[in-house]
>>> print(open('target18.json').read())   # JSON, C-alpha atoms
[["chain", "number", "residue", "atom", "x", "y", "z"],
["A", 187, "MET", "CA", -9.28, 23.77, -5.31],
["A", 188, "LYS", "CA", -9.80, 27.46, -4.64],
["A", 189, "LYS", "CA", -9.02, 28.43, -8.20],
["A", 190, "SER", "CA", -11.18, 25.62, -9.53],
["A", 191, "ILE", "CA", -14.27, 27.08, -7.88],
["A", 192, "ARG", "CA", -13.87, 30.68, -6.79],
["A", 193, "PHE", "CA", -11.47, 32.02, -9.41],
["A", 194, "ALA", "CA", -13.16, 30.04, -12.17],
["A", 195, "LEU", "CA", -16.57, 31.41, -11.19],
["A", 196, "LEU", "CA", -15.67, 35.08, -11.06],
["A", 197, "PRO", "CA", -14.99, 35.63, -14.78],
["A", 198, "ILE", "CA", -18.07, 33.61, -15.62],
["A", 199, "LEU", "CA", -20.27, 35.62, -13.31],
["A", 200, "ALA", "CA", -18.87, 38.86, -14.71],
["A", 201, "ALA", "CA", -19.75, 37.88, -18.28],
["A", 202, "SER", "CA", -23.29, 39.19, -18.35],
["A", 203, "SER", "CA", -23.58, 38.44, -22.05],
["A", 204, "LEU", "CA", -23.73, 34.70, -21.34],
["A", 205, "SER", "CA", -27.14, 33.10, -21.63],
["A", 206, "ALA", "CA", -28.65, 31.33, -18.62],
["A", 207, "THR", "CA", -27.98, 27.99, -20.30],
["A", 208, "ASP", "CA", -24.33, 28.85, -20.90],
["A", 209, "LEU", "CA", -23.86, 30.03, -17.32],
["A", 210, "LYS", "CA", -25.42, 26.91, -15.87],
["A", 211, "GLY", "CA", -23.27, 24.77, -18.11],
["A", 212, "GLU", "CA", -20.07, 26.52, -17.06],
["A", 213, "LEU", "CA", -20.93, 26.24, -13.37],
["A", 214, "GLU", "CA", -21.84, 22.57, -13.76],
["A", 215, "ASN", "CA", -18.50, 21.83, -15.38],
["A", 216, "VAL", "CA", -16.64, 23.52, -12.51],
["A", 217, "TYR", "CA", -18.72, 21.56, -10.01],
["A", 218, "VAL", "CA", -18.08, 18.22, -11.73],
["A", 219, "LYS", "CA", -14.35, 18.84, -11.97],
["A", 220, "ALA", "CA", -14.21, 19.60, -8.26],
["A", 221, "ALA", "CA", -16.23, 16.52, -7.34],
["A", 222, "ASN", "CA", -14.10, 14.29, -9.57],
["A", 223, "THR", "CA", -10.96, 15.00, -7.56],
["A", 224, "LEU", "CA", -12.47, 12.73, -4.91],
["A", 225, "LEU", "CA", -12.14, 9.75, -7.24],
["A", 226, "PHE", "CA", -8.43, 9.54, -6.42],
["A", 227, "PHE", "CA", -9.22, 8.33, -2.92],
["A", 228, "THR", "CA", -11.31, 5.39, -4.16],
["A", 229, "SER", "CA", -8.15, 3.87, -5.67],
["A", 230, "GLU", "CA", -6.27, 3.30, -2.40],
["A", 231, "ASP", "CA", -5.98, -0.19, -0.89],
["A", 232, "ILE", "CA", -6.17, 0.68, 2.80],
["A", 233, "ILE", "CA", -9.03, 1.86, 5.02],
["A", 234, "SER", "CA", -8.29, 5.54, 5.41],
["A", 235, "SER", "CA", -9.51, 8.75, 6.96],
["A", 236, "GLY", "CA", -7.88, 11.95, 5.78],
["A", 237, "THR", "CA", -8.05, 15.71, 6.17],
["A", 238, "TYR", "CA", -6.70, 18.07, 3.51],
["A", 239, "THR", "CA", -6.56, 21.82, 2.93],
["A", 240, "PHE", "CA", -6.20, 23.65, -0.41],
["A", 241, "ASP", "CA", -4.36, 26.99, -0.47],
["A", 242, "ASN", "CA", -5.73, 27.95, 2.98],
["A", 243, "ASP", "CA", -7.95, 26.73, 5.81],
["A", 244, "ASP", "CA", -11.08, 28.01, 4.04],
["A", 245, "GLN", "CA", -10.95, 25.04, 1.63],
["A", 246, "THR", "CA", -10.98, 21.61, 3.28],
["A", 247, "LEU", "CA", -11.55, 18.03, 2.17],
["A", 248, "HIS", "CA", -12.37, 15.17, 4.56],
["A", 249, "THR", "CA", -12.38, 11.59, 3.27],
["A", 250, "PHE", "CA", -13.15, 8.14, 4.59],
["A", 251, "PHE", "CA", -12.84, 5.02, 2.43],
["A", 252, "PHE", "CA", -13.13, 1.30, 3.13],
["A", 253, "PRO", "CA", -11.49, -0.79, 0.35],
["A", 254, "MET", "CA", -11.06, -4.52, -0.14],
["A", 255, "THR", "CA", -9.01, -6.64, -2.55],
["A", 256, "TYR", "CA", -9.27, -10.40, -2.94],
["A", 257, "GLN", "CA", -6.64, -12.39, -4.83],
["A", 258, "PHE", "CA", -8.10, -15.57, -6.33],
["A", 259, "LYS", "CA", -6.00, -18.71, -6.19],
["A", 260, "SER", "CA", -4.59, -19.96, -9.45],
["A", 261, "ASP", "CA", -3.04, -23.21, -10.69],
["A", 262, "SER", "CA", -0.60, -21.10, -12.68],
["A", 263, "ASN", "CA", 2.49, -19.41, -11.28],
["A", 264, "PHE", "CA", 2.27, -16.84, -14.06],
["A", 265, "TYR", "CA", -1.10, -15.23, -13.33],
["A", 266, "ASN", "CA", -4.08, -14.97, -11.01],
["A", 267, "PHE", "CA", -7.28, -12.94, -11.05],
["A", 268, "TYR", "CA", -8.36, -10.49, -8.39],
["A", 269, "ALA", "CA", -11.47, -8.57, -7.37],
["A", 270, "ASP", "CA", -11.49, -5.23, -5.65],
["A", 271, "GLY", "CA", -13.90, -2.56, -4.49],
["A", 272, "SER", "CA", -14.49, 0.17, -1.96],
["A", 273, "ILE", "CA", -17.14, 2.27, -0.29],
["A", 274, "GLY", "CA", -16.44, 5.79, 0.82],
["A", 275, "TYR", "CA", -17.54, 9.23, 1.85],
["A", 276, "SER", "CA", -15.95, 12.64, 1.20],
["A", 277, "LYS", "CA", -16.86, 16.19, 2.06],
["A", 278, "TYR", "CA", -15.40, 19.27, 0.41],
["A", 279, "ARG", "CA", -16.10, 22.69, 1.95],
["A", 280, "GLU", "CA", -15.13, 26.18, 0.88],
["A", 281, "ARG", "CA", -15.96, 29.08, 3.16],
["A", 282, "HIS", "CA", -15.93, 32.89, 2.89],
["A", 283, "LEU", "CA", -17.08, 33.24, -0.71],
["A", 284, "LEU", "CA", -17.68, 36.99, -0.91],
["A", 285, "PHE", "CA", -18.44, 37.70, -4.59],
["A", 286, "ARG", "CA", -22.21, 38.16, -3.96],
["A", 287, "GLY", "CA", -21.62, 40.72, -1.20],
["A", 288, "SER", "CA", -22.31, 38.13, 1.51],
["A", 289, "ASP", "CA", -20.23, 35.54, 3.39],
["A", 290, "ASP", "CA", -21.21, 32.38, 1.50],
["A", 291, "GLU", "CA", -20.13, 28.73, 1.73],
["A", 292, "ILE", "CA", -20.19, 25.64, -0.50],
["A", 293, "ASP", "CA", -20.44, 22.04, 0.76],
["A", 294, "ILE", "CA", -20.03, 19.09, -1.64],
["A", 295, "LYS", "CA", -20.62, 15.63, -0.14],
["A", 296, "THR", "CA", -19.82, 12.51, -2.14],
["A", 297, "TYR", "CA", -20.84, 8.92, -1.43],
["A", 298, "ALA", "CA", -18.99, 6.41, -3.62],
["A", 299, "LEU", "CA", -19.23, 2.68, -4.31],
["A", 300, "LYS", "CA", -16.63, 0.91, -6.43],
["A", 301, "ALA", "CA", -16.51, -2.63, -7.87],
["A", 302, "GLY", "CA", -13.91, -4.07, -10.23],
["A", 303, "GLY", "CA", -11.22, -6.60, -10.84],
["A", 304, "GLY", "CA", -8.42, -7.70, -13.08],
["A", 305, "VAL", "CA", -5.42, -9.94, -13.52],
["A", 306, "ARG", "CA", -1.99, -10.02, -11.88],
["A", 307, "LEU", "CA", 0.90, -11.28, -14.01],
["A", 308, "ASN", "CA", 4.20, -12.51, -12.56],
["A", 309, "VAL", "CA", 6.29, -11.65, -15.58],
["A", 310, "LEU", "CA", 9.64, -12.20, -13.81],
["A", 311, "GLU", "CA", 10.69, -13.59, -10.44],
["A", 312, "ASP", "CA", 10.53, -10.20, -8.71],
["A", 313, "THR", "CA", 8.38, -8.29, -11.18],
["A", 314, "GLN", "CA", 4.63, -8.23, -11.56],
["A", 315, "ILE", "CA", 2.07, -6.38, -13.65],
["A", 316, "MET", "CA", -1.54, -5.72, -12.69],
["A", 317, "LEU", "CA", -4.26, -4.79, -15.18],
["A", 318, "GLY", "CA", -7.82, -4.02, -14.18],
["A", 319, "ALA", "CA", -11.03, -2.10, -14.67],
["A", 320, "SER", "CA", -13.78, -0.93, -12.37],
["A", 321, "TYR", "CA", -17.08, 0.90, -12.16],
["A", 322, "ILE", "CA", -17.61, 3.65, -9.58],
["A", 323, "TYR", "CA", -21.06, 4.95, -8.68],
["A", 324, "SER", "CA", -21.12, 8.29, -6.85],
["A", 325, "ARG", "CA", -23.97, 10.27, -5.36],
["A", 326, "VAL", "CA", -23.04, 13.92, -4.93],
["A", 327, "ASN", "CA", -25.03, 16.23, -2.66],
["A", 328, "SER", "CA", -24.12, 19.91, -2.75],
["A", 329, "ASP", "CA", -25.35, 22.83, -0.70],
["A", 330, "TYR", "CA", -24.81, 26.54, -1.20],
["A", 331, "LYS", "CA", -25.14, 28.30, 2.17],
["A", 332, "THR", "CA", -25.65, 32.06, 2.30],
["A", 333, "PRO", "CA", -27.07, 34.60, 4.77],
["A", 334, "LYS", "CA", -28.28, 36.55, 1.74],
["A", 335, "SER", "CA", -31.07, 34.57, 0.11],
["A", 336, "LEU", "CA", -30.63, 33.55, -3.50],
["A", 337, "GLY", "CA", -32.87, 35.53, -5.79],
["A", 338, "ASN", "CA", -34.18, 35.04, -9.33],
["A", 339, "ASN", "CA", -31.42, 36.88, -11.20],
["A", 340, "LEU", "CA", -29.12, 35.08, -13.62],
["A", 341, "VAL", "CA", -26.24, 34.51, -11.18],
["A", 342, "ASP", "CA", -28.34, 33.40, -8.20],
["A", 343, "SER", "CA", -30.49, 31.10, -10.32],
["A", 344, "ALA", "CA", -27.39, 29.41, -11.72],
["A", 345, "LEU", "CA", -25.82, 29.03, -8.27],
["A", 346, "ASN", "CA", -29.03, 27.54, -6.93],
["A", 347, "TYR", "CA", -29.30, 25.09, -9.83],
["A", 348, "VAL", "CA", -25.71, 23.90, -9.53],
["A", 349, "PHE", "CA", -24.87, 24.02, -5.84],
["A", 350, "ASN", "CA", -28.24, 23.16, -4.28],
["A", 351, "SER", "CA", -28.52, 19.84, -6.06],
["A", 352, "ASN", "CA", -28.15, 16.07, -5.93],
["A", 353, "ASN", "CA", -26.46, 14.28, -8.81],
["A", 354, "HIS", "CA", -25.43, 10.77, -9.78],
["A", 355, "PHE", "CA", -22.07, 10.05, -11.38],
["A", 356, "ASN", "CA", -21.12, 6.95, -13.35],
["A", 357, "THR", "CA", -17.36, 6.56, -13.60],
["A", 358, "TYR", "CA", -15.38, 3.95, -15.54],
["A", 359, "GLU", "CA", -11.80, 3.31, -14.50],
["A", 360, "LEU", "CA", -8.94, 1.56, -16.29],
["A", 361, "TYR", "CA", -5.90, 0.60, -14.26],
["A", 362, "GLY", "CA", -2.36, -0.59, -14.88],
["A", 363, "GLU", "CA", 0.57, -1.15, -12.53],
["A", 364, "ALA", "CA", 4.12, -2.47, -12.80],
["A", 365, "GLY", "CA", 6.05, -3.35, -9.65],
["A", 366, "TYR", "CA", 9.52, -4.61, -8.77],
["A", 367, "HIS", "CA", 9.71, -6.40, -5.39],
["A", 368, "PRO", "CA", 13.08, -8.00, -4.63],
["A", 369, "PHE", "CA", 14.06, -9.53, -1.27],
["A", 370, "ILE", "CA", 17.53, -8.55, 0.01],
["A", 371, "ASN", "CA", 18.97, -9.72, 3.36],
["A", 372, "GLY", "CA", 15.59, -9.77, 5.01],
["A", 373, "TYR", "CA", 14.55, -6.40, 3.56],
["A", 374, "ALA", "CA", 11.90, -5.98, 0.87],
["A", 375, "PRO", "CA", 12.54, -2.79, -1.13],
["A", 376, "TYR", "CA", 10.15, -2.05, -3.96],
["A", 377, "ALA", "CA", 9.45, 0.32, -6.81],
["A", 378, "GLU", "CA", 5.99, 0.67, -8.33],
["A", 379, "ALA", "CA", 4.42, 2.77, -11.06],
["A", 380, "ASP", "CA", 0.73, 2.83, -11.82],
["A", 381, "ILE", "CA", -1.69, 4.79, -13.95],
["A", 382, "ARG", "CA", -5.47, 5.16, -13.61],
["A", 383, "TYR", "CA", -7.79, 6.60, -16.22],
["A", 384, "PHE", "CA", -11.21, 7.89, -15.14],
["A", 385, "ASN", "CA", -14.13, 8.71, -17.43],
["A", 386, "THR", "CA", -17.22, 10.14, -15.72],
["A", 387, "VAL", "CA", -20.63, 10.33, -17.36],
["A", 388, "ILE", "CA", -23.69, 12.08, -15.95],
["A", 389, "ASP", "CA", -27.12, 12.46, -17.53],
["A", 390, "ASP", "CA", -27.58, 16.22, -17.35],
["A", 391, "PRO", "CA", -27.99, 18.61, -20.29],
["A", 392, "TYR", "CA", -25.50, 21.11, -18.80],
["A", 393, "ILE", "CA", -22.65, 18.72, -17.96],
["A", 394, "ASP", "CA", -20.01, 17.38, -20.28],
["A", 395, "ASP", "CA", -18.26, 14.09, -19.68],
["A", 396, "THR", "CA", -15.03, 14.49, -17.73],
["A", 397, "THR", "CA", -11.80, 12.57, -18.03],
["A", 398, "SER", "CA", -8.85, 12.45, -15.65],
["A", 399, "THR", "CA", -5.64, 10.48, -15.30],
["A", 400, "VAL", "CA", -3.74, 9.83, -12.07],
["A", 401, "SER", "CA", -0.29, 8.26, -12.02],
["A", 402, "LYS", "CA", 1.81, 7.29, -8.98],
["A", 403, "LEU", "CA", 5.51, 6.62, -8.75],
["A", 404, "LYS", "CA", 6.18, 4.85, -5.45],
["A", 405, "LEU", "CA", 9.39, 3.80, -3.69],
["A", 406, "GLY", "CA", 9.54, 2.00, -0.38],
["A", 407, "VAL", "CA", 11.06, -0.68, 1.81],
["A", 408, "VAL", "CA", 9.68, -3.19, 4.32],
["A", 409, "THR", "CA", 12.04, -4.13, 7.13],
["A", 410, "PRO", "CA", 12.52, -7.53, 8.76],
["A", 411, "PRO", "CA", 10.63, -7.92, 12.07],
["A", 412, "VAL", "CA", 11.93, -5.25, 14.45],
["A", 413, "THR", "CA", 10.15, -6.58, 17.56],
["A", 414, "THR", "CA", 7.39, -8.94, 18.67],
["A", 415, "ILE", "CA", 4.33, -7.95, 20.70],
["A", 416, "ALA", "CA", 1.83, -10.55, 21.97],
["A", 417, "HIS", "CA", 3.22, -13.21, 19.58],
["A", 418, "MET", "CA", 2.90, -10.81, 16.64],
["A", 419, "PRO", "CA", 6.13, -9.97, 14.77],
["A", 420, "ILE", "CA", 6.10, -6.33, 13.66],
["A", 421, "LYS", "CA", 7.64, -5.01, 10.44],
["A", 422, "LEU", "CA", 8.04, -1.38, 9.44],
["A", 423, "GLU", "CA", 7.43, 0.04, 5.99],
["A", 424, "PHE", "CA", 8.66, 3.44, 4.82],
["A", 425, "TYR", "CA", 7.53, 4.87, 1.48],
["A", 426, "ALA", "CA", 7.29, 7.98, -0.68],
["A", 427, "TRP", "CA", 5.09, 8.73, -3.70],
["A", 428, "ASP", "CA", 5.02, 11.28, -6.45],
["A", 429, "VAL", "CA", 1.41, 11.61, -7.61],
["A", 430, "LEU", "CA", 0.88, 13.09, -11.09],
["A", 431, "VAL", "CA", -2.56, 14.36, -12.16],
["A", 432, "PHE", "CA", -3.82, 15.18, -15.65],
["A", 433, "GLY", "CA", -7.03, 16.23, -17.34],
["A", 434, "ASP", "CA", -10.01, 17.63, -15.48],
["A", 435, "MET", "CA", -8.57, 16.61, -12.12],
["A", 436, "GLN", "CA", -5.49, 18.71, -12.87],
["A", 437, "ASP", "CA", -7.75, 21.68, -13.65],
["A", 438, "ALA", "CA", -9.73, 21.19, -10.44],
["A", 439, "LEU", "CA", -6.68, 20.91, -8.20],
["A", 440, "ASP", "CA", -4.80, 23.60, -10.17],
["A", 441, "MET", "CA", -1.55, 21.63, -9.94],
["A", 442, "ASN", "CA", 0.37, 18.95, -11.80],
["A", 443, "ASN", "CA", 1.52, 16.79, -8.91],
["A", 444, "PHE", "CA", 1.84, 16.37, -5.16],
["A", 445, "TYR", "CA", 3.90, 14.19, -2.82],
["A", 446, "VAL", "CA", 3.06, 11.60, -0.18],
["A", 447, "ALA", "CA", 5.45, 10.25, 2.48],
["A", 448, "GLY", "CA", 4.47, 7.79, 5.17],
["A", 449, "MET", "CA", 5.06, 4.78, 7.38],
["A", 450, "THR", "CA", 3.13, 1.54, 7.91],
["A", 451, "LEU", "CA", 3.28, -0.89, 10.82],
["A", 452, "HIS", "CA", 2.66, -4.51, 9.78],
["A", 453, "PHE", "CA", 1.49, -6.97, 12.47],
["A", 454, "ASP", "CA", 1.77, -10.69, 11.64],
["A", 455, "THR", "CA", -1.38, -12.29, 13.10],
["A", 456, "ALA", "CA", -0.77, -15.85, 11.86],
["A", 457, "HIS", "CA", -0.38, -17.01, 15.51],
["A", 458, "TYR", "CA", -4.07, -16.26, 16.12],
["A", 459, "THR", "CA", -5.88, -16.95, 12.85],
["A", 460, "ASP", "CA", -5.35, -18.41, 9.40],
["A", 461, "MET", "CA", -8.04, -16.23, 7.83],
["A", 462, "ILE", "CA", -6.32, -12.89, 8.48],
["A", 463, "THR", "CA", -2.56, -13.08, 8.05],
["A", 464, "GLY", "CA", -1.76, -9.50, 8.91],
["A", 465, "VAL", "CA", -3.00, -6.18, 10.26],
["A", 466, "LYS", "CA", -1.47, -2.87, 9.24],
["A", 467, "PHE", "CA", -1.66, 0.70, 10.48],
["A", 468, "ASP", "CA", -0.59, 3.59, 8.28],
["A", 469, "ILE", "CA", 0.04, 7.32, 8.56],
["A", 470, "ASN", "CA", 1.16, 9.61, 5.77],
["A", 471, "MET", "CA", 1.60, 13.27, 4.99],
["A", 472, "VAL", "CA", 0.47, 14.91, 1.75],
["A", 473, "LYS", "CA", 2.26, 17.99, 0.42],
["A", 474, "GLY", "CA", 1.96, 20.01, -2.76],
["A", 475, "ASP", "CA", 1.90, 23.59, -4.00],
["A", 476, "LYS", "CA", -1.88, 23.77, -3.38],
["A", 477, "ILE", "CA", -2.54, 20.90, -0.96],
["A", 478, "ASP", "CA", -1.53, 19.87, 2.56],
["A", 479, "GLY", "CA", -2.94, 16.94, 4.48],
["A", 480, "ILE", "CA", -2.59, 14.02, 6.82],
["A", 481, "ASN", "CA", -4.07, 10.58, 6.36],
["A", 482, "PHE", "CA", -4.56, 7.68, 8.79],
["A", 483, "GLY", "CA", -5.11, 4.14, 7.55],
["A", 484, "PHE", "CA", -5.97, 0.63, 8.67],
["A", 485, "GLY", "CA", -5.79, -2.55, 6.58],
["A", 486, "LEU", "CA", -6.14, -6.33, 6.68],
["A", 487, "ASP", "CA", -4.14, -8.94, 4.75],
["A", 488, "PHE", "CA", -5.88, -12.20, 3.82]]
>>> encode(input="target18.json", output="structure tokens")
Amino acid sequence: MKKSIRFALLPILAASSLSATDLKGELENVYVKAANTLLFFTSEDIISSGTYTFDNDDQTLHTFFFPMTYQFKSDSNFYNFYADGSIGYSKYRERHLLFRGSDDEIDIKTYALKAGGGVRLNVLEDTQIMLGASYIYSRVNSDYKTPKSLGNNLVDSALNYVFNSNNHFNTYELYGEAGYHPFINGYAPYAEADIRYFNTVIDDPYIDDTTSTVSKLKLGVVTPPVTTIAHMPIKLEFYAWDVLVFGDMQDALDMNNFYVAGMTLHFDTAHYTDMITGVKFDINMVKGDKIDGINFGFGLDF
């Protein structure tokens, strides 16, 4: 993230031959690319709160998302429809920006609302495919904090226009997933691969549309019940992902991929209620060349 904002800004700011319109446009594109990295977190299926750093502790991202998926019943064993959505909040902060001769800081807050759905196909006994689409509305509030007041020169005017602003994003997502879920001696290993395509449109004369693609390769296993607490059998899940990023999100993160490894505790609550069949708690670690983080999650199965 550091290179997507600080290092991308420096050559732009040094190019005094750029017009004010060109400068604003370049800064807007950097800003949109940075904000679009937050879209990845709207695609998870568990309530989560995460903290991430990029390159160093001066660049941090905090996220909180509340998702929900509902699988509709179907008379067919081959397919069923589903609806999904999420609401969320993220805050990106970069401190100690020194290129103006002062100790400056950028805050980018994003509020997101997602609604979508699709179809799940049981193509083989242990293999399923999911296809879907969604719409994501995001409100992005940014704030450029500086002890040295922004003036009326070209650079300060552009910074004020871009980073002291509120914007609305309209994002369209296409989604596809293939998963293999066998059941072997009480264990449920699985392999999944998915791909998500994001196209973001914003009505601003200085911003171009942005496109990003995120793909996950995921391996994991769910154990048989390892113990029972208060009439709730508990299963353990261990998993690892390789997350691949392309397009504007790749430019913003300045990397091609990162890794996630984690564990989930599954509590079977059928003894207490028919409406909620399970409760799950999750923790995972995120690691990449330019990102480190930890994420805590909570989910419900219906």
>>> atom_distance(input="target18.json", atom1="atom CA of A:Lys466", atom2="atom CA of A:Gly448")
12.9 Å
>>> closest_residue(input="target18.json", among="A:Lys402, A:Arg382, A:His417, A:Lys473", to="A:Tyr361", atoms="all atoms listed in the file")
A:Arg382
>>> closest_residue(input="target18.json", among="A:Tyr330, A:Phe267, A:Tyr321, A:Phe252", to="A:Asn385", atoms="all atoms listed in the file")
A:Tyr321
>>> closest_residue(input="target18.json", among="A:Lys404, A:Lys259, A:Lys476, A:His248", to="A:Arg306", atoms="only C-alpha atoms")
A:Lys259
>>> closest_residue(input="target18.json", among="A:Ala298, A:Leu360, A:Ile480, A:Leu283", to="A:Ser320", atoms="all atoms listed in the file")
A:Leu360
>>> atom_distance(input="target18.json", atom1="atom CA of A:Leu451", atom2="atom CA of A:Pro411")
10.2 Å
>>> closest_residue(input="target18.json", among="A:Ala379, A:Met435, A:Asp487, A:Thr413", to="A:Asp460", atoms="all atoms listed in the file")
A:Asp487
>>> residues_near_point(input="target18.json", point="(8.4, 5.2, -0.7)", cutoff="6 Å", atoms="all atoms listed in the file", output="list in words")
Lys404, Leu405, Gly406, Phe424, Tyr425, Ala426 and Trp427 of chain A
>>> atom_distance(input="target18.json", atom1="atom CA of A:Leu284", atom2="atom CA of A:Thr332")
9.9 Å
>>> residues_around(input="target18.json", residues="A:Gly303", least_positions_apart="4", cutoff="6 Å", atoms="only C-alpha atoms", output="ChimeraX atom specification")
/A:268-270,318-319
>>> closest_residue(input="target18.json", among="A:Val305, A:Met418, A:Met471, A:Leu345", to="A:Leu317", atoms="only C-alpha atoms")
A:Val305
>>> residues_around(input="target18.json", residues="A:Asp389", least_positions_apart="6", cutoff="10 Å", atoms="all atoms listed in the file", output="NGL selection string")
:A and (353-356 or 395)
